[in-house]
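Peer 1: I am attaching a structure below and will ask some questions about it afterwards.
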Amino acid sequence: MPLLRVEDLHKRYGTEEVLRGVSLTVVKGETKVVIGPSGTGKSTLLRCINRLTEPDRGRVWLGDTEVTGKGTNLNRIRSQIGFVFQDFNLFTHLTALDNVRLGPLRVKGLGKKEATERAMAELARVGLADKAGAYPAELSGGQQQRVSIARALAMDPQLILFDEPTSALDPELIGEVLGVMVKLAEEGMTMIVVTHEMGFARSVADEIVFMERGVIVEQGSPEKMFRSPEVARTGDFLRKISELYGDAA
Amino acid sequence: MNLVFDWAWLPQLGRGLVLTVELTAACMALGALGGLVLALLRVYARGWLSPLYALASAYVHLFRGTPLLVQLMIVHFGLPNVGIVFTPFVSGLVAMALNTAAYQAEYFRGAIQSVKAGQMMAARSVGLTRLQAIRHVIIPQALRLVIPPWSNELIYMLKYSSIVYMVGAADLMGVGRTIAAKNFRFLELFLVVAAIYLAVVLLLTLTMRWVEKRLRVPGLGTSGRGA
Ligand SMILES: Nc1ncnc2c1ncn2[C@@H]1O[C@H](COP(=O)(O)OP(=O)(O)OP(=O)(O)O)[C@@H](O)[C@H]1O
Ligand SMILES: [Mg+2]
């Protein structure tokens, strides 16, 4: 059984139909990379999966729990789906440690000692144990994004959604964040990653999903998507994005 | 010109000052509580809670749209007509607390709304309930952002509390006026009263600046920008 099932998601903002029937499945341990032009609905798709945005139609299952079900405990579901934002969204008034510890304390209900240990372990996992006492504004963008990954990890999620995690970063800071994500993929974390980093997509993705104007145009292994896409637009987009962001090879 | 000063005035004025400070402190505390609740309702009460939003908005408009002095007169001289009688101090406290709650509500609302939208989204993505997010993420940030306008309101209310002499309270202003009415040293007494207000205002300004500094977090609010 797939870990995540998304069925026929629709979302409309005003007259603009942003998602026009998106379906996909993610199995445990899989890394799925979502690519596509700006304004295509990639962020909306991720936010509909944990219902940070309410979809108009369609269904989402996490394991055998229907996320979109009426009686679903949404907060509980969300605590099992990590979310990493493009602009980090670390809690400004809290130190790195408190950012990571808040969920374990308030959502998981761990005691202070246990939550602290948990948070410190996750900070160490992203290489930031020495920054536990720093406020977000005292950290570089790359460090902030790693803290936000630690914040997601501290909830022990079944799945993490990454929405362009490196797009807000200076080029020299992208590597440290991708490094953490590669490590997570190797450790078997299940992830959906929206990104323009084609090097990452090529080497880490189990499957690449190409979205355009609210629908999935094509999906497949990196091999297939880069070498012999079935749809011409997939190839065009991959070429364009590889030129823009480097890593054409 | 011949100015006369009598040290014997000071103990009496001091007692008046104590009442002024008590009145201001109490109305600011009650106003902060009420203002925070009003602000939260104005920002977050939607859907089935929207009647509360409407009530809170009406309250704020009503109390910001009418003079504090009129509100005080209604409380002290109007309410006895329907059988509600307060002492001068309580009347002053009630009117001032009701009034400052409306102003503080607007300051809190501004502060809450200047917390970035991504903060709420991130909190919900971790699994916090809306109330938990408000309590642990939004309010702690909003409280820091509200310190500068709140300090202004504090100083404003301290000075404005001088109107309670009009309902017979023995506050700093009231005591000064009473002494002056006896010995006709109006200029001297009101100058001394003004000097005492000024001293307290300066003290409060410095205190609030210190509080703001103590609670400052890098990256939050004007003072932390660029840190
Ligand atoms: N809260 C919102 N209200 C109104 N319109 C929205 C909202 N969020 C997104 N949209 C619109 O929906 C469309 C899809 O947005 P979305 O952010 O999902 O695209 P995206 O594929 O993530 O793009 P990008 O690569 O620029 O991040 C855009 O046209 C956007 O303007
Ligand atoms: Mg996006």
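FYI, nothing fancy with the structure tokens labels: chains A, B, ... in order, residues from 1 per chain, ligands from 1 as they appear.
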Give me the chain B side of the contact with chain A, cut-off 7 Å, one line per residue showing its nearest atom pair and distance in Å at one decimal, counting only C-alpha atoms, sorted by chain and residue number, as JSON lines.
Peer 2:
{"residue": "B:Gly118", "atom": "CA", "partner": "A:Asn89", "partner_atom": "CA", "distance": 5.6}
{"residue": "B:Gln119", "atom": "CA", "partner": "A:Asn89", "partner_atom": "CA", "distance": 5.8}
{"residue": "B:Ala122", "atom": "CA", "partner": "A:Asn89", "partner_atom": "CA", "distance": 6.1}
{"residue": "B:Ser125", "atom": "CA", "partner": "A:Arg78", "partner_atom": "CA", "distance": 5.7}
{"residue": "B:Val126", "atom": "CA", "partner": "A:Ser79", "partner_atom": "CA", "distance": 5.0}
{"residue": "B:Gly127", "atom": "CA", "partner": "A:Asn75", "partner_atom": "CA", "distance": 4.3}
{"residue": "B:Leu128", "atom": "CA", "partner": "A:Val107", "partner_atom": "CA", "distance": 6.0}
{"residue": "B:Thr129", "atom": "CA", "partner": "A:Asn75", "partner_atom": "CA", "distance": 6.3}
{"residue": "B:Val137", "atom": "CA", "partner": "A:Phe91", "partner_atom": "CA", "distance": 6.8}
{"residue": "B:Gln141", "atom": "CA", "partner": "A:His93", "partner_atom": "CA", "distance": 6.2}
{"residue": "B:Val217", "atom": "CA", "partner": "A:His93", "partner_atom": "CA", "distance": 6.1}
{"residue": "B:Pro218", "atom": "CA", "partner": "A:Ala137", "partner_atom": "CA", "distance": 5.7}
{"residue": "B:Gly219", "atom": "CA", "partner": "A:Ala137", "partner_atom": "CA", "distance": 5.0}
{"residue": "B:Leu220", "atom": "CA", "partner": "A:Thr92", "partner_atom": "CA", "distance": 6.5}
{"residue": "B:Ala227", "atom": "CA", "partner": "A:Ala137", "partner_atom": "CA", "distance": 6.4}
Peer 1: If we count only C-alpha atoms and set the cut-off at 12 Å, which residues sit around Arg5 (chain A), ignoring sequence neighbours fewer than 5 positions away in its own chain? Please answer as a PDB file with all heavy atoms, in the first residue's frame.
Peer 2:
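Printed below is part38.pdb as written:
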ATOM      1  N   VAL A  22      -5.270  16.541  -9.823  1.00  0.00           N
ATOM      2  CA  VAL A  22      -3.930  15.986  -9.647  1.00  0.00           C
ATOM      3  C   VAL A  22      -4.011  14.699  -8.824  1.00  0.00           C
ATOM      4  O   VAL A  22      -4.623  14.679  -7.756  1.00  0.00           O
ATOM      5  CB  VAL A  22      -2.996  16.985  -8.944  1.00  0.00           C
ATOM      6  CG1 VAL A  22      -1.651  16.346  -8.643  1.00  0.00           C
ATOM      7  CG2 VAL A  22      -2.822  18.244  -9.786  1.00  0.00           C
ATOM      8  N   SER A  23      -3.427  13.642  -9.339  1.00  0.00           N
ATOM      9  CA  SER A  23      -3.381  12.379  -8.611  1.00  0.00           C
ATOM     10  C   SER A  23      -1.944  11.885  -8.580  1.00  0.00           C
ATOM     11  O   SER A  23      -1.247  11.977  -9.589  1.00  0.00           O
ATOM     12  CB  SER A  23      -4.249  11.310  -9.294  1.00  0.00           C
ATOM     13  OG  SER A  23      -5.562  11.785  -9.447  1.00  0.00           O
ATOM     14  N   LEU A  24      -1.530  11.390  -7.434  1.00  0.00           N
ATOM     15  CA  LEU A  24      -0.220  10.740  -7.371  1.00  0.00           C
ATOM     16  C   LEU A  24      -0.134   9.857  -6.144  1.00  0.00           C
ATOM     17  O   LEU A  24      -0.933   9.991  -5.208  1.00  0.00           O
ATOM     18  CB  LEU A  24       0.924  11.762  -7.405  1.00  0.00           C
ATOM     19  CG  LEU A  24       0.987  12.901  -6.385  1.00  0.00           C
ATOM     20  CD1 LEU A  24       1.601  12.437  -5.072  1.00  0.00           C
ATOM     21  CD2 LEU A  24       1.842  14.032  -6.947  1.00  0.00           C
ATOM     22  N   THR A  25       0.806   8.948  -6.158  1.00  0.00           N
ATOM     23  CA  THR A  25       1.033   8.108  -4.988  1.00  0.00           C
ATOM     24  C   THR A  25       2.513   8.138  -4.650  1.00  0.00           C
ATOM     25  O   THR A  25       3.358   8.303  -5.535  1.00  0.00           O
ATOM     26  CB  THR A  25       0.630   6.638  -5.246  1.00  0.00           C
ATOM     27  OG1 THR A  25       1.393   6.155  -6.345  1.00  0.00           O
ATOM     28  CG2 THR A  25      -0.845   6.510  -5.546  1.00  0.00           C
ATOM     29  N   VAL A  26       2.783   8.012  -3.363  1.00  0.00           N
ATOM     30  CA  VAL A  26       4.167   7.972  -2.909  1.00  0.00           C
ATOM     31  C   VAL A  26       4.305   6.753  -2.013  1.00  0.00           C
ATOM     32  O   VAL A  26       3.501   6.571  -1.094  1.00  0.00           O
ATOM     33  CB  VAL A  26       4.526   9.238  -2.104  1.00  0.00           C
ATOM     34  CG1 VAL A  26       5.970   9.192  -1.644  1.00  0.00           C
ATOM     35  CG2 VAL A  26       4.268  10.489  -2.927  1.00  0.00           C
ATOM     36  N   VAL A  27       5.283   5.897  -2.302  1.00  0.00           N
ATOM     37  CA  VAL A  27       5.484   4.735  -1.432  1.00  0.00           C
ATOM     38  C   VAL A  27       6.518   5.085  -0.368  1.00  0.00           C
ATOM     39  O   VAL A  27       7.272   6.049  -0.499  1.00  0.00           O
ATOM     40  CB  VAL A  27       5.941   3.490  -2.223  1.00  0.00           C
ATOM     41  CG1 VAL A  27       4.866   3.072  -3.225  1.00  0.00           C
ATOM     42  CG2 VAL A  27       7.266   3.733  -2.909  1.00  0.00           C
ATOM     43  N   LYS A  28       6.521   4.289   0.677  1.00  0.00           N
ATOM     44  CA  LYS A  28       7.423   4.540   1.796  1.00  0.00           C
ATOM     45  C   LYS A  28       8.873   4.523   1.315  1.00  0.00           C
ATOM     46  O   LYS A  28       9.261   3.647   0.536  1.00  0.00           O
ATOM     47  CB  LYS A  28       7.208   3.459   2.858  1.00  0.00           C
ATOM     48  CG  LYS A  28       7.784   3.774   4.205  1.00  0.00           C
ATOM     49  CD  LYS A  28       7.221   2.787   5.218  1.00  0.00           C
ATOM     50  CE  LYS A  28       7.848   2.856   6.593  1.00  0.00           C
ATOM     51  NZ  LYS A  28       9.058   3.597   6.800  1.00  0.00           N
ATOM     52  N   ILE A  49      -2.047  18.826   0.419  1.00  0.00           N
ATOM     53  CA  ILE A  49      -1.802  17.484   0.944  1.00  0.00           C
ATOM     54  C   ILE A  49      -1.975  17.452   2.461  1.00  0.00           C
ATOM     55  O   ILE A  49      -2.561  16.525   3.004  1.00  0.00           O
ATOM     56  CB  ILE A  49      -0.394  16.982   0.514  1.00  0.00           C
ATOM     57  CG1 ILE A  49      -0.414  16.659  -0.994  1.00  0.00           C
ATOM     58  CG2 ILE A  49       0.012  15.763   1.327  1.00  0.00           C
ATOM     59  CD1 ILE A  49       0.930  16.259  -1.567  1.00  0.00           C
ATOM     60  N   ASN A  50      -1.494  18.475   3.179  1.00  0.00           N
ATOM     61  CA  ASN A  50      -1.747  18.484   4.629  1.00  0.00           C
ATOM     62  C   ASN A  50      -2.824  19.518   4.999  1.00  0.00           C
ATOM     63  O   ASN A  50      -2.966  19.883   6.162  1.00  0.00           O
ATOM     64  CB  ASN A  50      -0.463  18.692   5.432  1.00  0.00           C
ATOM     65  CG  ASN A  50       0.095  20.102   5.301  1.00  0.00           C
ATOM     66  OD1 ASN A  50      -0.387  20.888   4.487  1.00  0.00           O
ATOM     67  ND2 ASN A  50       1.086  20.418   6.104  1.00  0.00           N
ATOM     68  N   GLY A  58     -11.484  16.246  -4.292  1.00  0.00           N
ATOM     69  CA  GLY A  58     -10.421  15.257  -4.332  1.00  0.00           C
ATOM     70  C   GLY A  58     -10.115  14.726  -2.942  1.00  0.00           C
ATOM     71  O   GLY A  58     -10.639  15.227  -1.942  1.00  0.00           O
ATOM     72  N   ARG A  59      -9.287  13.687  -2.902  1.00  0.00           N
ATOM     73  CA  ARG A  59      -9.020  13.041  -1.631  1.00  0.00           C
ATOM     74  C   ARG A  59      -7.534  12.809  -1.424  1.00  0.00           C
ATOM     75  O   ARG A  59      -6.778  12.663  -2.379  1.00  0.00           O
ATOM     76  CB  ARG A  59      -9.719  11.680  -1.588  1.00  0.00           C
ATOM     77  CG  ARG A  59     -11.218  11.811  -1.563  1.00  0.00           C
ATOM     78  CD  ARG A  59     -11.846  10.466  -1.743  1.00  0.00           C
ATOM     79  NE  ARG A  59     -13.192  10.470  -1.184  1.00  0.00           N
ATOM     80  CZ  ARG A  59     -13.820   9.397  -0.765  1.00  0.00           C
ATOM     81  NH1 ARG A  59     -13.237   8.208  -0.829  1.00  0.00           N
ATOM     82  NH2 ARG A  59     -15.036   9.486  -0.278  1.00  0.00           N
ATOM     83  N   VAL A  60      -7.162  12.785  -0.161  1.00  0.00           N
ATOM     84  CA  VAL A  60      -5.778  12.499   0.212  1.00  0.00           C
ATOM     85  C   VAL A  60      -5.791  11.464   1.322  1.00  0.00           C
ATOM     86  O   VAL A  60      -6.554  11.590   2.281  1.00  0.00           O
ATOM     87  CB  VAL A  60      -5.059  13.778   0.708  1.00  0.00           C
ATOM     88  CG1 VAL A  60      -3.641  13.455   1.141  1.00  0.00           C
ATOM     89  CG2 VAL A  60      -5.062  14.871  -0.354  1.00  0.00           C
ATOM     90  N   TRP A  61      -4.994  10.415   1.167  1.00  0.00           N
ATOM     91  CA  TRP A  61      -4.824   9.433   2.234  1.00  0.00           C
ATOM     92  C   TRP A  61      -3.379   9.389   2.692  1.00  0.00           C
ATOM     93  O   TRP A  61      -2.462   9.400   1.866  1.00  0.00           O
ATOM     94  CB  TRP A  61      -5.166   8.016   1.755  1.00  0.00           C
ATOM     95  CG  TRP A  61      -6.605   7.658   1.771  1.00  0.00           C
ATOM     96  CD1 TRP A  61      -7.315   7.092   2.793  1.00  0.00           C
ATOM     97  CD2 TRP A  61      -7.535   7.787   0.682  1.00  0.00           C
ATOM     98  NE1 TRP A  61      -8.623   6.876   2.413  1.00  0.00           N
ATOM     99  CE2 TRP A  61      -8.779   7.299   1.124  1.00  0.00           C
ATOM    100  CE3 TRP A  61      -7.430   8.287  -0.616  1.00  0.00           C
ATOM    101  CZ2 TRP A  61      -9.905   7.280   0.313  1.00  0.00           C
ATOM    102  CZ3 TRP A  61      -8.541   8.276  -1.424  1.00  0.00           C
ATOM    103  CH2 TRP A  61      -9.775   7.786  -0.958  1.00  0.00           C
ATOM    104  N   LEU A  62      -3.176   9.334   3.993  1.00  0.00           N
ATOM    105  CA  LEU A  62      -1.861   9.028   4.545  1.00  0.00           C
ATOM    106  C   LEU A  62      -1.991   7.652   5.187  1.00  0.00           C
ATOM    107  O   LEU A  62      -2.674   7.497   6.199  1.00  0.00           O
ATOM    108  CB  LEU A  62      -1.451  10.073   5.579  1.00  0.00           C
ATOM    109  CG  LEU A  62      -0.051   9.881   6.170  1.00  0.00           C
ATOM    110  CD1 LEU A  62       1.027  10.164   5.135  1.00  0.00           C
ATOM    111  CD2 LEU A  62       0.142  10.753   7.402  1.00  0.00           C
ATOM    112  N   GLY A  63      -1.340   6.656   4.594  1.00  0.00           N
ATOM    113  CA  GLY A  63      -1.574   5.290   5.038  1.00  0.00           C
ATOM    114  C   GLY A  63      -3.044   4.983   4.855  1.00  0.00           C
ATOM    115  O   GLY A  63      -3.603   5.236   3.798  1.00  0.00           O
ATOM    116  N   ASP A  64      -3.695   4.488   5.919  1.00  0.00           N
ATOM    117  CA  ASP A  64      -5.118   4.207   5.748  1.00  0.00           C
ATOM    118  C   ASP A  64      -6.002   5.276   6.395  1.00  0.00           C
ATOM    119  O   ASP A  64      -7.185   5.080   6.604  1.00  0.00           O
ATOM    120  CB  ASP A  64      -5.472   2.794   6.250  1.00  0.00           C
ATOM    121  CG  ASP A  64      -4.856   2.533   7.603  1.00  0.00           C
ATOM    122  OD1 ASP A  64      -4.495   3.518   8.289  1.00  0.00           O
ATOM    123  OD2 ASP A  64      -4.730   1.344   7.985  1.00  0.00           O
ATOM    124  N   THR A  65      -5.408   6.436   6.720  1.00  0.00           N
ATOM    125  CA  THR A  65      -6.201   7.545   7.236  1.00  0.00           C
ATOM    126  C   THR A  65      -6.514   8.511   6.107  1.00  0.00           C
ATOM    127  O   THR A  65      -5.613   8.932   5.371  1.00  0.00           O
ATOM    128  CB  THR A  65      -5.410   8.321   8.311  1.00  0.00           C
ATOM    129  OG1 THR A  65      -4.888   7.390   9.248  1.00  0.00           O
ATOM    130  CG2 THR A  65      -6.301   9.331   9.021  1.00  0.00           C
ATOM    131  N   GLU A  66      -7.787   8.834   5.974  1.00  0.00           N
ATOM    132  CA  GLU A  66      -8.110   9.815   4.941  1.00  0.00           C
ATOM    133  C   GLU A  66      -7.916  11.224   5.498  1.00  0.00           C
ATOM    134  O   GLU A  66      -8.632  11.664   6.390  1.00  0.00           O
ATOM    135  CB  GLU A  66      -9.542   9.655   4.424  1.00  0.00           C
ATOM    136  CG  GLU A  66      -9.766  10.637   3.273  1.00  0.00           C
ATOM    137  CD  GLU A  66     -11.156  10.586   2.648  1.00  0.00           C
ATOM    138  OE1 GLU A  66     -11.920   9.653   2.939  1.00  0.00           O
ATOM    139  OE2 GLU A  66     -11.458  11.511   1.883  1.00  0.00           O
ATOM    140  N   VAL A  67      -6.899  11.920   4.968  1.00  0.00           N
ATOM    141  CA  VAL A  67      -6.584  13.276   5.431  1.00  0.00           C
ATOM    142  C   VAL A  67      -7.769  14.202   5.172  1.00  0.00           C
ATOM    143  O   VAL A  67      -8.075  15.095   5.960  1.00  0.00           O
ATOM    144  CB  VAL A  67      -5.323  13.822   4.704  1.00  0.00           C
ATOM    145  CG1 VAL A  67      -4.986  15.221   5.186  1.00  0.00           C
ATOM    146  CG2 VAL A  67      -4.152  12.880   4.902  1.00  0.00           C
ATOM    147  N   THR A  68      -8.437  13.987   4.041  1.00  0.00           N
ATOM    148  CA  THR A  68      -9.550  14.837   3.648  1.00  0.00           C
ATOM    149  C   THR A  68     -10.874  14.390   4.266  1.00  0.00           C
ATOM    150  O   THR A  68     -11.913  14.961   3.967  1.00  0.00           O
ATOM    151  CB  THR A  68      -9.682  14.857   2.111  1.00  0.00           C
ATOM    152  OG1 THR A  68      -9.530  13.516   1.639  1.00  0.00           O
ATOM    153  CG2 THR A  68      -8.634  15.739   1.483  1.00  0.00           C
ATOM    154  N   LEU A 159       6.388  11.502   6.463  1.00  0.00           N
ATOM    155  CA  LEU A 159       6.577  12.072   5.140  1.00  0.00           C
ATOM    156  C   LEU A 159       6.964  13.531   5.331  1.00  0.00           C
ATOM    157  O   LEU A 159       6.447  14.197   6.230  1.00  0.00           O
ATOM    158  CB  LEU A 159       5.248  11.958   4.391  1.00  0.00           C
ATOM    159  CG  LEU A 159       4.982  12.780   3.147  1.00  0.00           C
ATOM    160  CD1 LEU A 159       5.720  12.137   1.976  1.00  0.00           C
ATOM    161  CD2 LEU A 159       3.484  12.809   2.856  1.00  0.00           C
TER     162      LEU A 159
END
Peer 1: List as a tab-separated table every residue of chain A that is in contact with ligand 1, defined as an atom at most 7 Å from one of its atoms (using only C-alpha atoms and all ligand atoms), together with the nearest atom pair and the distance in Å rounded to one decimal, sorted by chain and then rising number.
Peer 2:
residue	atom	partner	partner_atom_place_in_ligand_line	distance
A:Tyr13	CA	ligand 1	4 (C)	5.0
A:Val18	CA	ligand 1	12 (O)	5.2
A:Gly36	CA	ligand 1	21 (O)	6.6
A:Pro37	CA	ligand 1	25 (O)	5.9
A:Ser38	CA	ligand 1	25 (O)	3.4
A:Gly39	CA	ligand 1	19 (O)	3.5
A:Thr40	CA	ligand 1	21 (O)	3.7
A:Gly41	CA	ligand 1	18 (O)	3.1
A:Lys42	CA	ligand 1	21 (O)	3.7
A:Ser43	CA	ligand 1	22 (O)	3.6
A:Thr44	CA	ligand 1	18 (O)	3.7
A:Leu45	CA	ligand 1	18 (O)	6.4
Peer 1: Do you know which residues are at most 9 Å from region 198-206 of chain B counting only C-alpha atoms, after dropping those on the same chain fewer than 2 positions away, and could you put them as a PDB file with C-alpha atoms, in the first residue's frame?
Peer 2:
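Output file result_7.pdb is given in full below:
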ATOM      1  CA  SER B 151       4.193  52.814  26.110  1.00  0.00           C
ATOM      2  CA  ASN B 152       2.689  55.865  24.446  1.00  0.00           C
ATOM      3  CA  LEU B 154       0.550  54.363  29.154  1.00  0.00           C
ATOM      4  CA  ILE B 155       1.944  57.887  29.226  1.00  0.00           C
ATOM      5  CA  LEU B 158      -1.224  58.813  33.080  1.00  0.00           C
ATOM      6  CA  LYS B 159      -1.688  62.389  31.922  1.00  0.00           C
ATOM      7  CA  VAL B 193       1.755  69.461  39.663  1.00  0.00           C
ATOM      8  CA  ALA B 194       2.985  69.740  36.072  1.00  0.00           C
ATOM      9  CA  ALA B 195       6.567  69.112  37.181  1.00  0.00           C
ATOM     10  CA  ILE B 196       5.520  65.970  39.042  1.00  0.00           C
ATOM     11  CA  MET B 208       9.559  51.163  29.060  1.00  0.00           C
ATOM     12  CA  ARG B 209      12.672  51.638  26.972  1.00  0.00           C
ATOM     13  CA  TRP B 210      14.502  49.331  29.354  1.00  0.00           C
ATOM     14  CA  VAL B 211      11.682  46.762  29.173  1.00  0.00           C
TER      15      VAL B 211
END
Peer 1: If you run DSSP on the backbone here, which positions in region 107-177 of chain A get strand (DSSP E)? Please write them as an NGL selection string.
Peer 2: :A and (159-163)
Peer 1: When you count only C-alpha atoms and all ligand atoms, which of these residues is closest to ligand 2: A:Ala150, A:Val215, A:Val193, A:Ile208?
Peer 2: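 Ranked by minimum distance to ligand 2, first place goes to A:Val193.
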Peer 1: So which bits of region 4-227 of chain B end up helix (DSSP H, G or I) when you DSSP the backbone, as a PyMOL selection string?
Peer 2: chain B and resi 9-44+47-64+68-82+88-113+117-126+130-145+147-167+172-183+186-215+222-224
Peer 1: With distances taken over only C-alpha atoms and all ligand atoms, which residue among A:Gly175, A:Pro2, A:Pro165, A:Gly142 lies nearest ligand 2?
Peer 2: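 Checking each of A:Gly175, A:Pro2, A:Pro165, A:Gly142 against ligand 2, counting only C-alpha atoms and all ligand atoms, the winner is A:Pro165.
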Peer 1: Near Phe77 (chain B), within 12 Å and counting only C-alpha atoms, which residues show up once chain neighbours fewer than 6 positions away are dropped, as a count of residues only?
Peer 2: 15
Peer 1: Which one is closest to ligand 2: A:Val6, A:Ile35, A:Ala96, A:Met120? Count only C-alpha atoms and all ligand atoms.
Peer 2: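 Closest to ligand 2 of all the choices is A:Ile35.
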Peer 1: Would you kindly return, as a PDB file with N, CA, C and O atoms, in the first residue's frame, each protein, DNA or RNA residue with an atom no farther than 12 Å from any atom of region 182-187 of chain B, considering only C-alpha atoms and excluding same-chain residues fewer than 4 positions away?
Peer 2:
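Now in out_23.pdb:
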ATOM      1  N   MET B   1       6.819  89.769  40.043  1.00  0.00           N
ATOM      2  CA  MET B   1       6.166  88.486  40.300  1.00  0.00           C
ATOM      3  C   MET B   1       6.768  87.863  41.563  1.00  0.00           C
ATOM      4  O   MET B   1       7.961  87.868  41.776  1.00  0.00           O
ATOM      5  N   ASN B   2       5.914  87.277  42.315  1.00  0.00           N
ATOM      6  CA  ASN B   2       6.346  86.741  43.596  1.00  0.00           C
ATOM      7  C   ASN B   2       5.809  85.320  43.769  1.00  0.00           C
ATOM      8  O   ASN B   2       4.667  85.109  44.148  1.00  0.00           O
ATOM      9  N   LEU B   3       6.676  84.322  43.441  1.00  0.00           N
ATOM     10  CA  LEU B   3       6.243  82.921  43.546  1.00  0.00           C
ATOM     11  C   LEU B   3       6.511  82.404  44.949  1.00  0.00           C
ATOM     12  O   LEU B   3       7.566  82.633  45.523  1.00  0.00           O
ATOM     13  N   VAL B   4       5.527  81.691  45.488  1.00  0.00           N
ATOM     14  CA  VAL B   4       5.662  81.146  46.837  1.00  0.00           C
ATOM     15  C   VAL B   4       5.590  79.626  46.759  1.00  0.00           C
ATOM     16  O   VAL B   4       4.790  79.078  46.017  1.00  0.00           O
ATOM     17  N   PHE B   5       6.475  78.974  47.483  1.00  0.00           N
ATOM     18  CA  PHE B   5       6.443  77.523  47.509  1.00  0.00           C
ATOM     19  C   PHE B   5       6.434  77.047  48.955  1.00  0.00           C
ATOM     20  O   PHE B   5       7.183  77.535  49.791  1.00  0.00           O
ATOM     21  N   ASP B   6       5.589  76.074  49.242  1.00  0.00           N
ATOM     22  CA  ASP B   6       5.479  75.578  50.609  1.00  0.00           C
ATOM     23  C   ASP B   6       5.732  74.071  50.619  1.00  0.00           C
ATOM     24  O   ASP B   6       5.014  73.315  49.971  1.00  0.00           O
ATOM     25  N   TRP B   9       3.091  71.316  51.041  1.00  0.00           N
ATOM     26  CA  TRP B   9       2.191  70.808  49.990  1.00  0.00           C
ATOM     27  C   TRP B   9       2.562  69.387  49.557  1.00  0.00           C
ATOM     28  O   TRP B   9       1.719  68.616  49.140  1.00  0.00           O
ATOM     29  N   MET B 173      -3.851  65.886  40.332  1.00  0.00           N
ATOM     30  CA  MET B 173      -4.488  67.104  39.852  1.00  0.00           C
ATOM     31  C   MET B 173      -5.515  67.624  40.863  1.00  0.00           C
ATOM     32  O   MET B 173      -5.550  68.825  41.195  1.00  0.00           O
ATOM     33  N   VAL B 175      -5.783  67.092  44.124  1.00  0.00           N
ATOM     34  CA  VAL B 175      -5.168  67.593  45.350  1.00  0.00           C
ATOM     35  C   VAL B 175      -4.574  68.975  45.115  1.00  0.00           C
ATOM     36  O   VAL B 175      -4.772  69.906  45.901  1.00  0.00           O
ATOM     37  N   GLY B 176      -3.869  69.123  43.985  1.00  0.00           N
ATOM     38  CA  GLY B 176      -3.276  70.418  43.646  1.00  0.00           C
ATOM     39  C   GLY B 176      -4.334  71.506  43.575  1.00  0.00           C
ATOM     40  O   GLY B 176      -4.166  72.612  44.110  1.00  0.00           O
ATOM     41  N   ARG B 177      -5.418  71.169  42.957  1.00  0.00           N
ATOM     42  CA  ARG B 177      -6.477  72.149  42.780  1.00  0.00           C
ATOM     43  C   ARG B 177      -7.115  72.518  44.135  1.00  0.00           C
ATOM     44  O   ARG B 177      -7.418  73.687  44.397  1.00  0.00           O
ATOM     45  N   THR B 178      -7.288  71.509  44.973  1.00  0.00           N
ATOM     46  CA  THR B 178      -7.887  71.756  46.280  1.00  0.00           C
ATOM     47  C   THR B 178      -7.021  72.692  47.117  1.00  0.00           C
ATOM     48  O   THR B 178      -7.504  73.649  47.731  1.00  0.00           O
ATOM     49  N   LEU B 191       2.118  74.563  38.543  1.00  0.00           N
ATOM     50  CA  LEU B 191       3.481  74.340  38.044  1.00  0.00           C
ATOM     51  C   LEU B 191       4.108  73.131  38.732  1.00  0.00           C
ATOM     52  O   LEU B 191       4.734  72.286  38.087  1.00  0.00           O
ATOM     53  N   VAL B 192       3.920  73.027  40.048  1.00  0.00           N
ATOM     54  CA  VAL B 192       4.470  71.874  40.773  1.00  0.00           C
ATOM     55  C   VAL B 192       3.812  70.587  40.289  1.00  0.00           C
ATOM     56  O   VAL B 192       4.477  69.575  40.035  1.00  0.00           O
ATOM     57  N   VAL B 193       2.471  70.646  40.151  1.00  0.00           N
ATOM     58  CA  VAL B 193       1.755  69.461  39.663  1.00  0.00           C
ATOM     59  C   VAL B 193       2.288  69.055  38.282  1.00  0.00           C
ATOM     60  O   VAL B 193       2.573  67.877  38.024  1.00  0.00           O
ATOM     61  N   ALA B 194       2.469  70.030  37.417  1.00  0.00           N
ATOM     62  CA  ALA B 194       2.985  69.740  36.072  1.00  0.00           C
ATOM     63  C   ALA B 194       4.366  69.110  36.155  1.00  0.00           C
ATOM     64  O   ALA B 194       4.658  68.138  35.446  1.00  0.00           O
TER      65      ALA B 194
END
Peer 1: Mind giving me the straight-line distance from CA of Met121 (chain B) to CA of Pro148 (chain B) in Å, one decimal?
Peer 2: 26.6 Å
